[in-house]
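Only one structure is covered here, and it is reproduced in the block below.
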Amino acid sequence: MNILTVKPTKFVLCNALSSCAKTQNWNLGIQIHAYMIRSGYEDNLFLSSALVDFYAKCFAIVDARKVFSGMKVHDQVSWTSLIAGFAVNGQGRDAFLLFKEMLGAQIKPNCFTFASVISACVGQSGALEHCSTLHAHVIKRGFDTSNFVICSLVDCYANCEQIDDALILFDETSEKDTIVYNSMISGYSQNLYSEDALKLFVKMRQKNLSPTDHTLCTILNACSSLALLLEGRQVHSLVIKMGSERNMFVASALIDMYSKGGDIDDAQCVLDQTSKKNNVLWTSMIMGYAQCGRALEALELFERLLTEQELIPDLICFTAVLTACNYAGFLEKGVEYFNKMRTNYGLCPDIDQYACLIDLYARKGNLRKARDLMEEMPYDPNYVIWSSFLSSCRIYGDVELGKEAADQLIKMEPCNAAPYLTLAHIYARKGLWNEVAEIRSLMQQRRIRKPAGWSWLEVDKQFHVFVVDDVTHQQSNEIYAELEKIYFGIIEASSYVVEDSNIQA
């Protein structure tokens, strides 16, 4: 248009900025901004609002704020654009404060404003309180029928581990579309209610709602967590039918599902059939090999990719590599890769990589070195690190370090029976029966009991769940009779010595 010396109208510029925001076309967007300044359009409300939106969506939040502050008048769009920009850039507190400022300026928020500020609450301190407050505002202003807002609320409640509140909101929604179902399914999966996620997905399909690639990823993750290979294959068929196998996140979820289901060869087939391979897929495959106990193949794949320059490893990739070293017990290799993160790739290890190396040292019996690394790292050890360290202390019978680890775990989760029982086991192996008695007494005083462990198996598409000494199953008599046959058969054929060293709660 400029080449033809036709001066673009404000409407054309506004549409062009909108397109730049959607496609994140930075170069063209700043040229349009420069043209606006030359043409004297800086004070135009609609163009300025479009500029705020453009900078916010291009992650230039400082520039977005600068344009917003320079505006003489603000409308609903400019406020909402900046709030959304803060939310996307992880500045939840700024988004929430700006929303309060917007209400003080007597500007009415719309559904997009509410969706943005609710999304901004996720991961912030006091997120649940903010979410509840915003939910009240949503109802008061009549946006509780907007599926766009409902999805944000469901996501926020689910992220705050308030899955019951998310479910109430979902059930009260009269017209549920694909996005609403997606939010609830993701909430279930995120909170490890994988079976509920699968049931809701089936219900969604019965209503003839088409899943998105995001839905497929979530359901494949649910199948992974339950190790449901048959159901995972059925979802894979749906993926092929929908043509979603080209999506790298879906392909990555498929690799993860097959790996966790123990079928690493099918995981490799998914990777081979993916035309464009990237870091996400390669990392999933390396982790898949590691989880299936084929650590050597995981490390060989990693080294080959580095040699062929097909992979630039990131922190997640190194987590997969260190996990492979951990499973195989390759201590020297693990230390070498950990050091290479800094020296060769300029990466600063985060808590996940430290956790892998600490666990590797501990599993190999270097408990003191593992403890020293926990002190040296720039992070506080979390529950997972202390828990795996305590398990290694139990294996190697280290009373002093085991007690320290158990004390830390009890501080973090005082009602969890696991650290009490593990420490009691360490004491029992060393013959410290007075200490064992003290732990049992402490558990009784605090009314702490170990929850029953569950086992399950699938027969003819039906799950059968069992606990220790279970007699609730309708075929209990037949099951115990068969177990007795197997037990005596083993005793007759072998010279096993049965040893019970478990400490009961």
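Residue numbers start at 1 in each chain; chains themselves are named A, B, ... in the order of the structure tokens; ligands are numbered from 1 in the order shown.
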Do a neighbour search on region 88-99 of chain A at 10 Å with only C-alpha atoms, toss out local chain neighbours closer than 2 positions, and write the hits as a ChimeraX atom specification.
/A:56-61,79-80,82-86,101-105,107,109,113-114,116-125,127,130,134
Could you turn the residues from that selection into a file that holds C-alpha atoms, as an mmCIF file, in the first residue's frame?
```
data_model
loop_
_atom_site.group_PDB
_atom_site.id
_atom_site.type_symbol
_atom_site.label_atom_id
_atom_site.label_comp_id
_atom_site.auth_asym_id
_atom_site.auth_seq_id
_atom_site.Cartn_x
_atom_site.Cartn_y
_atom_site.Cartn_z
ATOM 1 C CA ALA A 56 2.340 -7.545 25.298
ATOM 2 C CA LYS A 57 1.912 -10.518 22.946
ATOM 3 C CA CYS A 58 5.502 -10.114 21.734
ATOM 4 C CA PHE A 59 6.648 -10.378 25.376
ATOM 5 C CA ALA A 60 7.877 -6.764 25.373
ATOM 6 C CA ILE A 61 5.953 -5.983 28.536
ATOM 7 C CA TRP A 79 -6.510 -2.386 30.264
ATOM 8 C CA THR A 80 -7.246 -5.977 29.265
ATOM 9 C CA LEU A 82 -1.810 -5.089 29.536
ATOM 10 C CA ILE A 83 -3.336 -7.387 32.182
ATOM 11 C CA ALA A 84 -3.095 -10.292 29.702
ATOM 12 C CA GLY A 85 0.504 -9.294 28.944
ATOM 13 C CA PHE A 86 1.447 -9.412 32.622
ATOM 14 C CA GLU A 101 -6.626 -0.214 39.411
ATOM 15 C CA MET A 102 -8.949 -0.826 36.456
ATOM 16 C CA LEU A 103 -11.929 -1.325 38.770
ATOM 17 C CA GLY A 104 -10.971 1.876 40.603
ATOM 18 C CA ALA A 105 -10.991 3.733 37.274
ATOM 19 C CA ILE A 107 -13.813 0.645 33.663
ATOM 20 C CA PRO A 109 -13.991 -5.673 32.823
ATOM 21 C CA THR A 113 -10.226 -9.382 31.345
ATOM 22 C CA PHE A 114 -11.474 -11.917 33.886
ATOM 23 C CA SER A 116 -6.564 -13.085 31.911
ATOM 24 C CA VAL A 117 -6.429 -12.001 35.553
ATOM 25 C CA ILE A 118 -7.623 -15.431 36.773
ATOM 26 C CA SER A 119 -4.896 -17.121 34.689
ATOM 27 C CA ALA A 120 -2.380 -14.712 36.232
ATOM 28 C CA CYS A 121 -3.172 -16.098 39.707
ATOM 29 C CA VAL A 122 -1.782 -19.543 38.862
ATOM 30 C CA GLY A 123 1.505 -20.179 40.623
ATOM 31 C CA GLN A 124 1.325 -17.003 42.730
ATOM 32 C CA SER A 125 1.294 -16.875 46.515
ATOM 33 C CA ALA A 127 -3.533 -17.933 44.432
ATOM 34 C CA HIS A 130 -7.336 -14.463 44.743
ATOM 35 C CA LEU A 134 -12.278 -13.170 41.358
#
```
Shell around region 12-19 of chain A at 7 Å using only C-alpha atoms, local window under 3 positions removed, as a ChimeraX atom specification
/A:8-9,22-23,29,47,50-51,54
Tell me, as JSON, numbers by chain, which residues lie within 8 Å of Phe68 (chain A), counting only C-alpha atoms; anything in the same chain fewer than 6 positions away does not count.
{"A": [48, 49, 52, 74, 78, 82]}
Within 12 Å of Asn247 (chain A), counting only C-alpha atoms, which residues show up once you throw out same-chain ones fewer than 3 positions away? Write them as a CSV table (one decimal) with N, CA and C atoms, in the first residue's frame, please.
```csv
chain,number,residue,atom,x,y,z
A,212,THR,N,-9.0,-31.8,21.0
A,212,THR,CA,-7.9,-31.0,20.4
A,212,THR,C,-6.6,-31.8,20.7
A,213,ASP,N,-5.5,-31.3,20.1
A,213,ASP,CA,-4.2,-31.9,20.3
A,213,ASP,C,-3.8,-31.9,21.8
A,214,HIS,N,-4.3,-30.8,22.5
A,214,HIS,CA,-4.0,-30.7,23.9
A,214,HIS,C,-4.8,-31.8,24.7
A,216,LEU,N,-5.6,-34.7,23.6
A,216,LEU,CA,-4.9,-36.0,23.3
A,216,LEU,C,-3.6,-36.2,24.1
A,217,CYS,N,-2.9,-35.1,24.3
A,217,CYS,CA,-1.7,-35.1,25.1
A,217,CYS,C,-2.0,-35.4,26.6
A,239,VAL,N,-5.4,-40.6,17.3
A,239,VAL,CA,-4.4,-39.6,16.9
A,239,VAL,C,-4.2,-39.7,15.4
A,240,ILE,N,-4.0,-40.9,14.9
A,240,ILE,CA,-3.8,-41.1,13.5
A,240,ILE,C,-5.0,-40.7,12.7
A,242,MET,N,-7.2,-38.5,13.4
A,242,MET,CA,-7.3,-37.0,13.4
A,242,MET,C,-6.2,-36.3,12.7
A,243,GLY,N,-5.1,-37.1,12.4
A,243,GLY,CA,-4.0,-36.5,11.7
A,243,GLY,C,-3.1,-35.7,12.7
A,244,SER,N,-3.1,-36.0,13.9
A,244,SER,CA,-2.4,-35.3,15.0
A,244,SER,C,-1.0,-35.8,15.2
A,250,VAL,N,2.1,-34.2,20.8
A,250,VAL,CA,1.4,-35.5,20.8
A,250,VAL,C,2.3,-36.6,20.6
A,251,ALA,N,3.3,-36.5,19.7
A,251,ALA,CA,4.2,-37.5,19.4
A,251,ALA,C,5.1,-37.8,20.7
A,252,SER,N,5.5,-36.8,21.4
A,252,SER,CA,6.2,-36.9,22.6
A,252,SER,C,5.4,-37.7,23.7
A,253,ALA,N,4.1,-37.3,23.8
A,253,ALA,CA,3.2,-38.0,24.7
A,253,ALA,C,3.1,-39.5,24.4
A,254,LEU,N,3.0,-39.8,23.1
A,254,LEU,CA,2.9,-41.2,22.6
A,254,LEU,C,4.2,-42.0,23.0
A,270,VAL,N,7.2,-44.7,16.8
A,270,VAL,CA,6.6,-43.4,16.8
A,270,VAL,C,7.6,-42.3,16.4
A,271,LEU,N,8.8,-42.4,17.0
A,271,LEU,CA,9.9,-41.5,16.7
A,271,LEU,C,10.3,-41.6,15.3
A,273,GLN,N,8.7,-42.6,12.7
A,273,GLN,CA,7.6,-42.1,11.8
A,273,GLN,C,7.4,-40.6,11.8
A,274,THR,N,8.0,-39.9,12.8
A,274,THR,CA,7.9,-38.5,12.9
A,274,THR,C,8.9,-37.8,12.0
A,275,SER,N,8.4,-37.1,11.0
A,275,SER,CA,9.3,-36.5,10.0
A,275,SER,C,10.2,-35.4,10.5
A,276,LYS,N,9.7,-34.5,11.4
A,276,LYS,CA,10.5,-33.5,11.9
A,276,LYS,C,10.8,-33.7,13.4
A,277,LYS,N,12.1,-34.1,13.7
A,277,LYS,CA,12.4,-34.5,15.0
A,277,LYS,C,13.1,-33.3,15.7
A,278,ASN,N,12.8,-33.0,16.9
A,278,ASN,CA,13.4,-31.9,17.7
A,278,ASN,C,13.8,-32.3,19.0
A,280,VAL,N,12.5,-32.0,21.9
A,280,VAL,CA,11.4,-32.6,22.7
A,280,VAL,C,11.3,-34.1,22.5
A,281,LEU,N,11.3,-34.5,21.2
A,281,LEU,CA,11.1,-35.9,20.9
A,281,LEU,C,12.4,-36.7,21.2
```
Distance of CA of Leu228 (chain A) from CA of Asn279 (chain A), expressed in Å to one decimal place:
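Value for the CA of Asn279 (chain A)-CA of Leu228 (chain A) distance: 26.0 Å.
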Counting only C-alpha atoms, what is within 12 Å of region 357-366 of chain A, bar same-chain residues fewer than 3 positions away, as a ChimeraX atom specification?
/A:318-339,349-354,369-377,381-382,384-398,401-402
Given the selection you just returned, output its residues as a file containing C-alpha atoms, formatted as an mmCIF file, in the first residue's frame.
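again.cif written:
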```cif
data_model
loop_
_atom_site.group_PDB
_atom_site.id
_atom_site.type_symbol
_atom_site.label_atom_id
_atom_site.label_comp_id
_atom_site.auth_asym_id
_atom_site.auth_seq_id
_atom_site.Cartn_x
_atom_site.Cartn_y
_atom_site.Cartn_z
ATOM 1 C CA PHE A 318 20.328 -33.617 30.804
ATOM 2 C CA THR A 319 17.746 -34.751 33.370
ATOM 3 C CA ALA A 320 16.935 -37.674 31.053
ATOM 4 C CA VAL A 321 20.642 -38.462 30.576
ATOM 5 C CA LEU A 322 21.367 -38.320 34.320
ATOM 6 C CA THR A 323 18.304 -40.497 34.955
ATOM 7 C CA ALA A 324 19.796 -43.114 32.602
ATOM 8 C CA CYS A 325 23.105 -42.949 34.493
ATOM 9 C CA ASN A 326 21.184 -43.264 37.755
ATOM 10 C CA TYR A 327 19.243 -46.376 36.711
ATOM 11 C CA ALA A 328 22.420 -48.046 35.422
ATOM 12 C CA GLY A 329 24.636 -46.931 38.331
ATOM 13 C CA PHE A 330 27.134 -45.103 36.060
ATOM 14 C CA LEU A 331 28.550 -42.738 38.688
ATOM 15 C CA GLU A 332 31.607 -41.506 36.762
ATOM 16 C CA LYS A 333 29.537 -40.955 33.620
ATOM 17 C CA GLY A 334 26.904 -39.101 35.628
ATOM 18 C CA VAL A 335 29.465 -36.739 37.184
ATOM 19 C CA GLU A 336 31.027 -36.189 33.751
ATOM 20 C CA TYR A 337 27.694 -35.223 32.154
ATOM 21 C CA PHE A 338 26.785 -33.017 35.128
ATOM 22 C CA ASN A 339 30.056 -31.078 34.758
ATOM 23 C CA PRO A 349 21.996 -27.012 36.774
ATOM 24 C CA ASP A 350 18.632 -26.662 38.492
ATOM 25 C CA ILE A 351 17.240 -28.749 41.341
ATOM 26 C CA ASP A 352 16.220 -31.653 39.043
ATOM 27 C CA GLN A 353 19.778 -32.279 37.835
ATOM 28 C CA TYR A 354 21.153 -31.943 41.372
ATOM 29 C CA LYS A 369 29.305 -37.100 49.242
ATOM 30 C CA ALA A 370 25.571 -36.989 48.470
ATOM 31 C CA ARG A 371 24.945 -35.113 51.743
ATOM 32 C CA ASP A 372 27.760 -32.640 50.977
ATOM 33 C CA LEU A 373 26.259 -31.952 47.542
ATOM 34 C CA MET A 374 22.903 -31.222 49.179
ATOM 35 C CA GLU A 375 24.686 -28.574 51.268
ATOM 36 C CA GLU A 376 26.635 -27.126 48.321
ATOM 37 C CA MET A 377 23.779 -26.796 45.817
ATOM 38 C CA PRO A 381 16.523 -30.107 49.262
ATOM 39 C CA ASN A 382 12.876 -30.968 48.595
ATOM 40 C CA VAL A 384 11.812 -36.121 46.834
ATOM 41 C CA ILE A 385 15.550 -35.590 47.435
ATOM 42 C CA TRP A 386 15.331 -36.329 51.171
ATOM 43 C CA SER A 387 13.085 -39.346 50.534
ATOM 44 C CA SER A 388 15.429 -40.985 48.006
ATOM 45 C CA PHE A 389 18.385 -40.191 50.294
ATOM 46 C CA LEU A 390 16.622 -41.882 53.227
ATOM 47 C CA SER A 391 16.001 -44.974 51.071
ATOM 48 C CA SER A 392 19.732 -45.195 50.353
ATOM 49 C CA CYS A 393 20.511 -44.767 54.061
ATOM 50 C CA ARG A 394 18.220 -47.753 54.711
ATOM 51 C CA ILE A 395 20.019 -49.869 52.090
ATOM 52 C CA TYR A 396 23.479 -49.051 53.508
ATOM 53 C CA GLY A 397 22.372 -48.956 57.171
ATOM 54 C CA ASP A 398 23.605 -45.428 57.951
ATOM 55 C CA LEU A 401 22.331 -39.719 58.103
ATOM 56 C CA GLY A 402 19.142 -41.772 58.045
#
```
